[in-house]
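Engineer: This is the content of run_36.csv (CSV, C-alpha atoms):
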```csv
chain,number,residue,atom,x,y,z
A,1,PRO,CA,45.1,188.9,127.5
A,2,GLN,CA,45.7,192.3,129.0
A,3,ALA,CA,48.0,191.0,131.7
A,4,LEU,CA,50.1,189.3,129.0
A,5,ALA,CA,50.3,192.4,126.9
A,6,ASN,CA,51.2,194.5,129.9
A,7,THR,CA,54.0,192.1,130.9
A,8,VAL,CA,55.8,191.9,127.6
A,9,TRP,CA,55.3,195.6,127.1
A,10,ALA,CA,56.9,196.3,130.5
A,11,TYR,CA,59.9,194.0,129.6
A,12,ALA,CA,60.4,195.9,126.3
A,13,THR,CA,60.0,199.3,127.8
A,14,LEU,CA,62.6,198.5,130.5
A,15,GLY,CA,64.9,196.8,127.8
A,16,ARG,CA,65.0,193.7,129.9
A,17,VAL,CA,65.1,190.2,128.6
A,18,PRO,CA,62.9,187.7,130.5
A,19,GLU,CA,64.4,184.5,131.8
A,20,ALA,CA,64.1,181.6,129.3
A,21,GLU,CA,61.4,179.9,131.4
A,22,THR,CA,59.5,183.1,131.7
A,23,TRP,CA,59.7,183.8,128.0
A,24,GLU,CA,58.5,180.3,127.2
A,25,ALA,CA,55.5,180.8,129.5
A,26,LEU,CA,54.7,184.1,128.0
A,27,GLU,CA,54.8,182.7,124.5
A,28,THR,CA,52.6,179.8,125.5
A,29,ALA,CA,50.1,182.2,126.9
A,30,ALA,CA,50.3,184.5,123.8
A,31,VAL,CA,49.2,181.7,121.5
A,32,ARG,CA,46.2,181.0,123.8
A,33,VAL,CA,45.0,184.5,124.5
A,34,ALA,CA,46.0,186.6,121.4
A,35,PRO,CA,42.7,186.0,119.6
A,36,SER,CA,40.8,187.7,122.4
A,37,MET,CA,43.1,190.7,122.8
A,38,VAL,CA,41.7,194.2,122.4
A,39,PRO,CA,43.4,196.3,119.7
A,40,GLN,CA,45.6,198.3,122.1
A,41,ALA,CA,46.8,195.0,123.7
A,42,LEU,CA,47.7,193.7,120.2
A,43,ALA,CA,49.6,196.8,119.4
A,44,ASN,CA,51.5,196.7,122.8
A,45,THR,CA,52.4,193.0,122.2
A,46,VAL,CA,53.6,193.4,118.7
A,47,TRP,CA,55.7,196.5,119.7
A,48,ALA,CA,57.2,194.6,122.6
A,49,TYR,CA,58.2,191.6,120.4
A,50,THR,CA,59.8,193.8,117.7
A,51,SER,CA,61.6,196.0,120.3
A,52,LEU,CA,63.1,193.1,122.3
A,53,SER,CA,64.2,191.4,119.1
A,54,SER,CA,65.7,194.6,117.6
A,55,LEU,CA,67.5,195.7,120.8
A,56,ARG,CA,68.2,192.5,122.7
A,57,ASN,CA,68.4,189.9,120.0
A,58,VAL,CA,65.4,188.0,121.4
A,59,ILE,CA,64.2,185.4,118.9
A,60,LEU,CA,60.8,186.3,117.5
A,61,PRO,CA,58.1,183.9,118.9
A,62,SER,CA,56.1,181.6,116.8
A,63,SER,CA,53.0,183.7,117.6
A,64,TYR,CA,54.5,186.8,116.0
A,65,SER,CA,53.0,186.3,112.5
A,66,ALA,CA,49.6,185.3,114.0
A,67,LEU,CA,49.5,188.6,116.0
A,68,TRP,CA,50.1,190.6,112.7
A,69,GLU,CA,47.4,188.5,111.1
A,70,LEU,CA,45.0,189.6,113.8
A,71,VAL,CA,45.9,193.2,113.2
A,72,CYS,CA,45.2,192.7,109.5
A,73,ASN,CA,41.7,191.6,110.4
A,74,MET,CA,41.0,194.9,112.0
A,75,LYS,CA,40.4,198.4,110.6
A,76,ALA,CA,42.5,201.5,111.4
A,77,ARG,CA,39.6,203.0,113.3
A,78,ASP,CA,39.8,200.1,115.8
A,79,PHE,CA,43.0,201.5,117.1
A,80,ILE,CA,43.5,204.9,118.8
A,81,ALA,CA,46.3,207.1,117.4
A,82,GLU,CA,48.8,205.7,120.0
A,83,GLY,CA,48.1,202.1,118.9
A,84,GLN,CA,48.6,203.1,115.2
A,85,ILE,CA,51.9,204.7,116.1
A,86,MET,CA,53.1,201.7,117.9
A,87,LEU,CA,52.2,199.4,115.0
A,88,PHE,CA,53.9,201.7,112.5
A,89,HIS,CA,57.0,201.8,114.8
A,90,SER,CA,56.9,198.0,114.9
A,91,HIS,CA,56.6,197.9,111.1
A,92,LEU,CA,59.7,200.1,110.8
A,93,MET,CA,61.7,197.8,113.2
A,94,HIS,CA,60.6,194.7,111.3
A,95,GLN,CA,61.6,196.1,107.9
A,96,SER,CA,64.9,197.5,109.1
A,97,PHE,CA,66.2,194.8,111.4
A,98,LEU,CA,64.0,191.7,111.6
A,99,SER,CA,62.6,190.7,108.1
A,100,SER,CA,65.3,188.0,107.7
A,101,ARG,CA,64.6,186.6,111.2
A,102,ALA,CA,60.8,186.4,111.3
A,103,PRO,CA,59.6,182.8,111.7
A,104,THR,CA,57.4,183.2,108.6
A,105,ASN,CA,56.5,186.0,106.2
A,106,ILE,CA,54.1,188.5,107.9
A,107,SER,CA,51.1,190.3,106.6
A,108,THR,CA,50.4,193.9,107.3
A,109,PRO,CA,47.1,195.8,106.7
A,110,PRO,CA,46.9,198.3,103.8
A,111,TRP,CA,46.0,201.1,106.3
A,112,LEU,CA,49.4,200.7,108.0
A,113,MET,CA,51.0,202.8,105.3
A,114,VAL,CA,48.2,205.3,105.3
A,115,GLU,CA,46.4,206.1,108.6
A,116,ALA,CA,49.1,204.6,110.8
A,117,ARG,CA,51.9,206.3,108.9
A,118,ASP,CA,50.0,209.6,109.1
A,119,ALA,CA,49.7,209.2,112.9
A,120,TRP,CA,53.4,208.5,113.1
A,121,MET,CA,54.3,211.5,111.0
A,122,SER,CA,51.9,213.8,112.9
A,123,ARG,CA,53.5,212.7,116.3
A,124,LEU,CA,56.9,213.3,114.9
A,125,HIS,CA,56.0,216.8,113.7
A,126,ASP,CA,54.4,217.6,117.1
A,127,ASP,CA,57.5,216.4,119.0
A,128,ILE,CA,59.8,218.4,116.8
A,129,THR,CA,57.6,221.5,117.1
A,130,ALA,CA,57.5,221.1,120.9
A,131,LEU,CA,61.3,220.7,121.1
A,132,GLU,CA,61.8,223.8,118.9
A,133,THR,CA,59.4,225.9,120.9
A,134,ALA,CA,61.3,224.9,124.1
A,135,ALA,CA,64.6,225.6,122.5
A,136,VAL,CA,63.6,229.2,121.6
A,137,ARG,CA,62.4,229.7,125.1
A,138,VAL,CA,65.4,228.2,127.1
A,139,ALA,CA,68.4,228.7,124.7
A,140,PRO,CA,69.4,232.1,126.2
A,141,GLY,CA,69.8,230.5,129.6
A,142,MET,CA,71.8,227.5,128.4
A,143,VAL,CA,75.3,226.8,129.7
A,144,PRO,CA,78.0,226.4,127.1
A,145,GLN,CA,77.9,222.6,127.2
A,146,ALA,CA,74.2,222.6,126.6
A,147,LEU,CA,74.6,225.0,123.6
A,148,ALA,CA,77.3,222.7,122.1
A,149,ASN,CA,75.1,219.6,122.6
A,150,THR,CA,72.1,221.3,121.0
A,151,LEU,CA,74.0,222.4,118.0
A,152,TRP,CA,75.6,219.0,117.5
A,153,ALA,CA,72.2,217.3,117.8
A,154,TYR,CA,70.6,219.7,115.3
A,155,THR,CA,73.3,219.3,112.7
A,156,SER,CA,73.6,215.5,113.2
A,157,LEU,CA,69.8,214.9,112.8
A,158,SER,CA,69.7,217.1,109.8
A,159,SER,CA,72.7,215.6,108.1
A,160,LEU,CA,71.8,211.9,108.8
A,161,ARG,CA,68.0,211.9,108.9
A,162,ASP,CA,67.1,214.9,106.8
A,163,VAL,CA,65.4,216.6,109.7
A,164,ILE,CA,64.6,220.3,108.8
A,165,LEU,CA,66.8,222.7,110.7
A,166,PRO,CA,64.7,224.5,113.3
A,167,SER,CA,64.1,228.3,113.3
A,168,SER,CA,66.1,228.5,116.5
A,169,TYR,CA,69.3,227.1,114.8
A,170,ALA,CA,70.8,230.4,113.8
A,171,ALA,CA,69.9,231.9,117.2
A,172,VAL,CA,71.8,229.2,119.0
A,173,TRP,CA,74.9,229.8,116.9
A,174,GLU,CA,74.5,233.6,117.7
A,175,LEU,CA,74.6,232.7,121.4
A,176,VAL,CA,77.8,230.8,120.8
A,177,CYS,CA,79.2,233.8,119.0
A,178,ASN,CA,78.7,235.9,122.2
A,179,MET,CA,81.0,233.6,124.1
A,180,GLU,CA,84.7,233.1,124.2
A,181,ALA,CA,86.6,229.9,123.4
A,182,ARG,CA,87.6,229.6,127.0
A,183,ASP,CA,83.9,229.2,128.0
A,184,PHE,CA,84.0,225.8,126.3
A,185,ILE,CA,86.1,222.8,127.4
A,186,GLY,CA,88.0,220.9,124.7
A,187,GLU,CA,85.2,218.3,124.1
A,188,GLU,CA,82.7,221.1,123.6
A,189,GLN,CA,84.9,222.9,121.2
A,190,ILE,CA,85.3,219.7,119.2
A,191,MET,CA,81.5,219.3,119.1
A,192,LEU,CA,81.1,222.8,117.8
A,193,PHE,CA,83.8,222.3,115.1
A,194,HIS,CA,82.1,219.0,114.1
A,195,SER,CA,78.8,220.9,113.8
A,196,HIS,CA,80.5,223.5,111.7
A,197,LEU,CA,81.9,220.9,109.4
A,198,MET,CA,78.4,219.3,109.0
A,199,HIS,CA,76.9,222.7,108.3
A,200,GLN,CA,79.5,223.5,105.7
A,201,SER,CA,79.4,220.1,104.1
A,202,PHE,CA,75.7,219.2,104.1
A,203,LEU,CA,73.5,221.9,105.4
A,204,SER,CA,74.5,225.4,104.2
A,205,SER,CA,71.7,225.4,101.7
A,206,GLN,CA,69.1,224.2,104.2
A,207,ALA,CA,69.7,226.7,107.0
A,208,PRO,CA,66.7,228.9,107.7
A,209,THR,CA,69.0,232.0,107.6
A,210,ASN,CA,72.7,232.7,107.3
A,211,ILE,CA,74.5,231.7,110.5
A,212,SER,CA,77.3,233.5,112.3
A,213,THR,CA,80.2,231.6,113.8
A,214,PRO,CA,82.8,233.0,116.2
A,215,PRO,CA,86.3,233.8,115.0
A,216,TRP,CA,87.8,231.3,117.5
A,217,LEU,CA,85.9,228.4,115.8
A,218,MET,CA,88.6,228.2,113.2
A,219,VAL,CA,91.4,228.7,115.7
A,220,GLU,CA,91.0,227.2,119.2
A,221,ALA,CA,88.1,224.8,118.2
A,222,ARG,CA,89.8,223.7,115.0
A,223,ASP,CA,93.0,223.1,117.0
A,224,ALA,CA,91.0,221.0,119.5
A,225,TRP,CA,89.6,218.9,116.6
A,226,MET,CA,93.0,218.4,115.0
A,227,SER,CA,94.6,217.5,118.4
A,228,GLN,CA,91.9,214.8,118.9
A,229,LEU,CA,92.5,213.5,115.4
A,230,HIS,CA,96.2,212.9,116.2
A,231,ASP,CA,95.7,211.8,119.8
A,232,ASP,CA,93.0,209.2,119.1
A,233,VAL,CA,95.0,207.4,116.4
A,234,THR,CA,95.5,203.8,117.7
A,235,VAL,CA,96.0,200.9,115.3
A,236,SER,CA,94.1,197.9,116.7
A,237,ARG,CA,95.2,194.3,116.3
A,238,SER,CA,92.4,193.6,114.0
A,239,GLN,CA,93.3,196.7,111.9
A,240,GLN,CA,96.9,195.4,111.7
A,241,GLU,CA,95.7,192.0,110.6
A,242,LEU,CA,93.5,193.5,107.9
A,243,ALA,CA,96.5,195.5,106.7
A,244,HIS,CA,98.6,192.4,106.7
A,245,ILE,CA,96.0,190.5,104.6
A,246,LEU,CA,96.1,193.4,102.1
A,247,ASP,CA,99.9,193.1,102.0
A,248,LYS,CA,99.6,189.4,101.2
A,249,LEU,CA,97.0,190.2,98.5
A,250,GLY,CA,99.4,192.7,96.9
A,251,VAL,CA,97.0,195.7,97.5
A,252,TRP,CA,98.9,198.9,98.0
A,253,HIS,CA,97.6,200.7,101.1
A,254,GLU,CA,98.4,203.3,103.7
A,255,VAL,CA,97.5,202.9,107.4
A,256,GLU,CA,96.0,205.9,109.2
A,257,HIS,CA,96.0,208.1,106.1
A,258,VAL,CA,95.1,211.7,106.8
A,259,THR,CA,92.7,213.3,104.3
A,260,ASP,CA,94.0,216.3,102.3
A,261,ASP,CA,92.2,218.8,104.4
A,262,GLY,CA,93.7,217.3,107.5
A,263,TYR,CA,90.4,216.8,109.3
A,264,PHE,CA,90.0,213.0,109.1
A,265,SER,CA,92.2,209.9,109.5
A,266,ILE,CA,91.3,206.9,107.4
A,267,ASP,CA,92.0,203.5,109.0
A,268,ILE,CA,93.4,202.1,105.7
A,269,TYR,CA,93.5,204.0,102.4
A,270,LEU,CA,93.8,202.3,99.0
A,271,PRO,CA,95.4,205.1,96.8
A,272,ASP,CA,95.1,203.2,93.5
A,273,HIS,CA,91.4,203.0,94.0
A,274,ASP,CA,90.7,206.1,96.2
A,275,ILE,CA,88.9,203.9,98.7
A,276,ALA,CA,88.7,204.4,102.4
A,277,VAL,CA,88.6,201.2,104.4
A,278,GLU,CA,87.3,201.5,107.9
A,279,PHE,CA,87.5,198.7,110.5
A,280,ASP,CA,84.5,199.2,112.8
A,281,GLY,CA,85.1,197.8,116.2
A,282,PRO,CA,82.4,197.4,118.9
A,283,SER,CA,82.6,201.1,119.9
A,284,HIS,CA,81.1,202.0,116.5
A,285,TYR,CA,77.8,200.3,117.3
A,286,TYR,CA,75.1,200.8,119.9
A,287,SER,CA,74.8,197.1,120.7
A,288,ASN,CA,76.7,193.9,120.2
A,289,SER,CA,73.7,192.0,118.8
A,290,ASP,CA,73.7,190.1,115.4
A,291,SER,CA,72.1,193.2,113.8
A,292,PRO,CA,73.9,196.1,115.7
A,293,LEU,CA,73.1,199.7,115.0
A,294,ARG,CA,76.0,202.0,114.0
A,295,THR,CA,76.5,205.1,116.1
A,296,ALA,CA,75.7,208.5,114.7
A,297,LYS,CA,79.3,209.5,114.8
A,298,THR,CA,80.2,206.4,112.7
A,299,GLU,CA,77.5,207.3,110.1
A,300,LEU,CA,78.8,210.9,110.0
A,301,ARG,CA,82.3,209.7,109.5
A,302,ASP,CA,81.3,207.8,106.4
A,303,LEU,CA,79.4,210.8,105.1
A,304,PHE,CA,82.5,212.9,105.4
A,305,LEU,CA,84.8,210.3,104.0
A,306,GLY,CA,82.4,209.7,101.1
A,307,GLN,CA,83.0,213.4,100.1
A,308,ARG,CA,86.7,212.9,100.2
A,309,CYS,CA,87.1,209.4,98.6
A,310,ALA,CA,85.5,207.6,95.7
A,311,LYS,CA,84.2,204.9,98.1
A,312,VAL,CA,84.0,204.0,101.7
A,313,LEU,CA,84.4,200.3,102.6
A,314,THR,CA,83.5,199.3,106.1
A,315,VAL,CA,84.6,196.0,107.8
A,316,PRO,CA,82.4,195.2,110.8
A,317,TRP,CA,84.3,193.5,113.7
A,318,PHE,CA,81.6,190.9,114.1
A,319,GLU,CA,82.0,189.7,110.5
A,320,PHE,CA,85.8,189.8,110.6
A,321,SER,CA,85.9,187.9,113.9
A,322,LYS,CA,83.9,185.0,112.5
A,323,PHE,CA,87.1,183.9,110.8
A,324,ASN,CA,89.5,184.1,113.8
A,325,ALA,CA,90.3,180.4,113.6
A,326,SER,CA,91.1,180.4,109.9
A,327,ALA,CA,93.6,182.7,108.2
A,328,VAL,CA,92.6,181.2,104.8
A,329,LYS,CA,88.9,182.0,105.3
A,330,ARG,CA,89.7,185.5,106.6
A,331,THR,CA,91.8,186.2,103.5
A,332,LEU,CA,88.9,184.9,101.4
A,333,TYR,CA,86.5,187.2,103.2
A,334,VAL,CA,88.7,190.3,102.5
A,335,ARG,CA,89.2,189.2,98.9
A,336,GLU,CA,85.4,189.0,98.4
A,337,LEU,CA,84.9,192.5,100.0
A,338,LEU,CA,87.5,193.9,97.6
A,339,ALA,CA,85.8,192.1,94.6
A,340,LYS,CA,82.5,193.9,95.4
A,341,GLU,CA,84.3,197.2,95.0
A,342,GLY,CA,85.8,196.1,91.6
A,343,ILE,CA,89.3,195.1,93.0
A,344,ILE,CA,90.2,191.7,91.7
A,345,VAL,CA,93.2,190.1,93.5
```
Output the file's structure as structure tokens, nothing else.

Structural biologist:
Amino acid sequence: PQALANTVWAYATLGRVPEAETWEALETAAVRVAPSMVPQALANTVWAYTSLSSLRNVILPSSYSALWELVCNMKARDFIAEGQIMLFHSHLMHQSFLSSRAPTNISTPPWLMVEARDAWMSRLHDDITALETAAVRVAPGMVPQALANTLWAYTSLSSLRDVILPSSYAAVWELVCNMEARDFIGEEQIMLFHSHLMHQSFLSSQAPTNISTPPWLMVEARDAWMSQLHDDVTVSRSQQELAHILDKLGVWHEVEHVTDDGYFSIDIYLPDHDIAVEFDGPSHYYSNSDSPLRTAKTELRDLFLGQRCAKVLTVPWFEFSKFNASAVKRTLYVRELLAKEGIIV
């Protein structure tokens, strides 16, 4: 039992998918040895299955539900904190990405949302505290790129995941204020301006103290942001096809519409409905699986556009490409997307 748990855990930790023959052998062994697994081995195996399925699109094995059933027959005290954390992490992955793909409905123990959740939250708090403590200590010695990366990470996590801004946040901005624009390359100036936009739009009331920003942020850094906005405008073939379908449906639209403040370009804008339509190609996702995760920058884009438009409608490339062989079905797909937003054509 322990050897099996160690093997599937190792594959998941490395993000590697076993060969089909190996996976079949592991599954056969899991059915046989799972009932005799110790609690930590159960937690390792469940975590490995959910990780491989979430990240590498591996089909959940038939033993998956049985493993959860074994967990249900145990008490929280049977698992050390690390085992409870792994099980809660597995539960989050299942709920977020796998519930429609599980071979059967799974059962989870009542203590999963009590003791295991508490262990997860405690670890999260400890990790954040450790990072904040380290940031206070090392920030004064950071190079400009590290400062830009840290600020962008703080503002992104707070904007997207409601993470509380750390006490070092204002101090990091103060260090940026003590530098000149020339200390940062163009990409770093863009990150700082992006952080500034997040702060102004979503975080100003959450900051531990008022922050200072350098005068050049609204000059050189803003110019770098605006230059990127115009230089990165490329209309993909799929975006052109989407616009052509809107033409055929008689929906007035503008391609690469720049928002009123000039800070964002919308793939396709529907003026009559104040809707931003974004075609999200593969670069907007962390993986190309059937349930890909959108990148943080893509999520942030939708937050910003949501402030500037009544609605944001995203068209995932993997859905749009399903209808490559049929123009009629592709048009129907777009018509149905529009109907969900109240646009009947």

Engineer: Neighbours of His230 of chain A within 12 Å (only C-alpha atoms; same-chain residues fewer than 5 positions away dropped), as a ChimeraX atom specification?

Structural biologist: /A:223-225,256-258,262-266

Engineer: Just how far from atom CA of Leu337 of chain A is atom CA of Ser201 of chain A, in Å to one decimal?

Structural biologist: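 Computing it gives 28.4 Å between the two atoms.
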
Engineer: Take atom CA of Leu60 of chain A and atom CA of Val315 of chain A and report the distance between them in Å, one decimal.

Structural biologist: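 Those two atoms sit 27.5 Å apart.
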
Engineer: So, counting all atoms listed in the file, which residue among A:Met93, A:Val345, A:Leu192, A:Val233 is closest to Asp247 of chain A?

Structural biologist: A:Val345

Engineer: For a quick check of understanding, using only C-alpha atoms, which of A:Arg222, A:Phe279, A:Asp78, A:Lys248 has the smallest distance to Asp261 of chain A?

Structural biologist: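 Looking at the shortest contact to Asp261 of chain A, the residue is A:Arg222.
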
Engineer: Residues proximal to (44.5, 186.3, 124.0) were defined as those with any atom within 12 Å of that point in the file's coordinates, counting all atoms listed in the file. Which are they, as a PyMOL selection string?

Structural biologist: chain A and resi 1-5+26-39+41-42+45+63+66-67+70

Engineer: Atom CA of Gln200 of chain A to atom CA of Val136 of chain A: how many Å, to one decimal?

Structural biologist: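 Atom CA of Gln200 of chain A sits 23.2 Å away from atom CA of Val136 of chain A.
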
Engineer: Write out as a list of chain:residue names which residues come within 10 Å of Leu217 of chain A when counting all atoms listed in the file, dropping same-chain ones fewer than 6 positions away.

Structural biologist: A:Val176, A:Cys177, A:Glu180, A:Ala181, A:Gln189, A:Ile190, A:Leu192, A:Phe193, A:His196, A:Asp223, A:Ala224

Engineer: With distances taken over only C-alpha atoms, which of A:Tyr269, A:Ala134, A:Arg117, A:Trp317 is nearest to Ser283 of chain A?

Structural biologist: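 Ranked by minimum distance to Ser283 of chain A, first place goes to A:Trp317.
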
Engineer: So which one's closest to Arg301 of chain A, A:Ser167, A:Ser54, A:Ser326, A:Ser156? Using only C-alpha atoms, please.

Structural biologist: A:Ser156

Engineer: Restricting the calculation to only C-alpha atoms, which member of A:Pro214, A:Pro61, A:Gly342, A:Pro208 is positioned closest to Ala48 of chain A?

Structural biologist: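 Residue with the minimum atom-to-atom distance to Ala48 of chain A: A:Pro61.
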
Engineer: For Gly15 of chain A, please output as a VMD selection string all residues within 12 Å (counting only C-alpha atoms; exclusion window: fewer than 5 positions along the same chain).

Structural biologist: chain A and resid 8 to 10 48 to 58

Engineer: A:Ile343, A:Leu305, A:Leu313, A:Ile106: which is nearest Asp272 of chain A, counting only C-alpha atoms?

Structural biologist: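 Nearest to Asp272 of chain A: A:Ile343.
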
Engineer: Excluding same-chain residues fewer than 3 positions from Phe320 of chain A, what lies within 12 Å of it counting all atoms listed in the file, as a VMD selection string?

Structural biologist: chain A and resid 237 to 239 241 to 242 245 279 to 282 314 to 317 323 to 327 329 to 334 337

Engineer: Would you mind listing what lies within 10 Å of Val114 of chain A as a list in words, with only C-alpha atoms counted and same-chain residues fewer than 6 positions away left out?

Structural biologist: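 Within the cut-off, the hits are Ala76, Phe88 and Trp120 of chain A.
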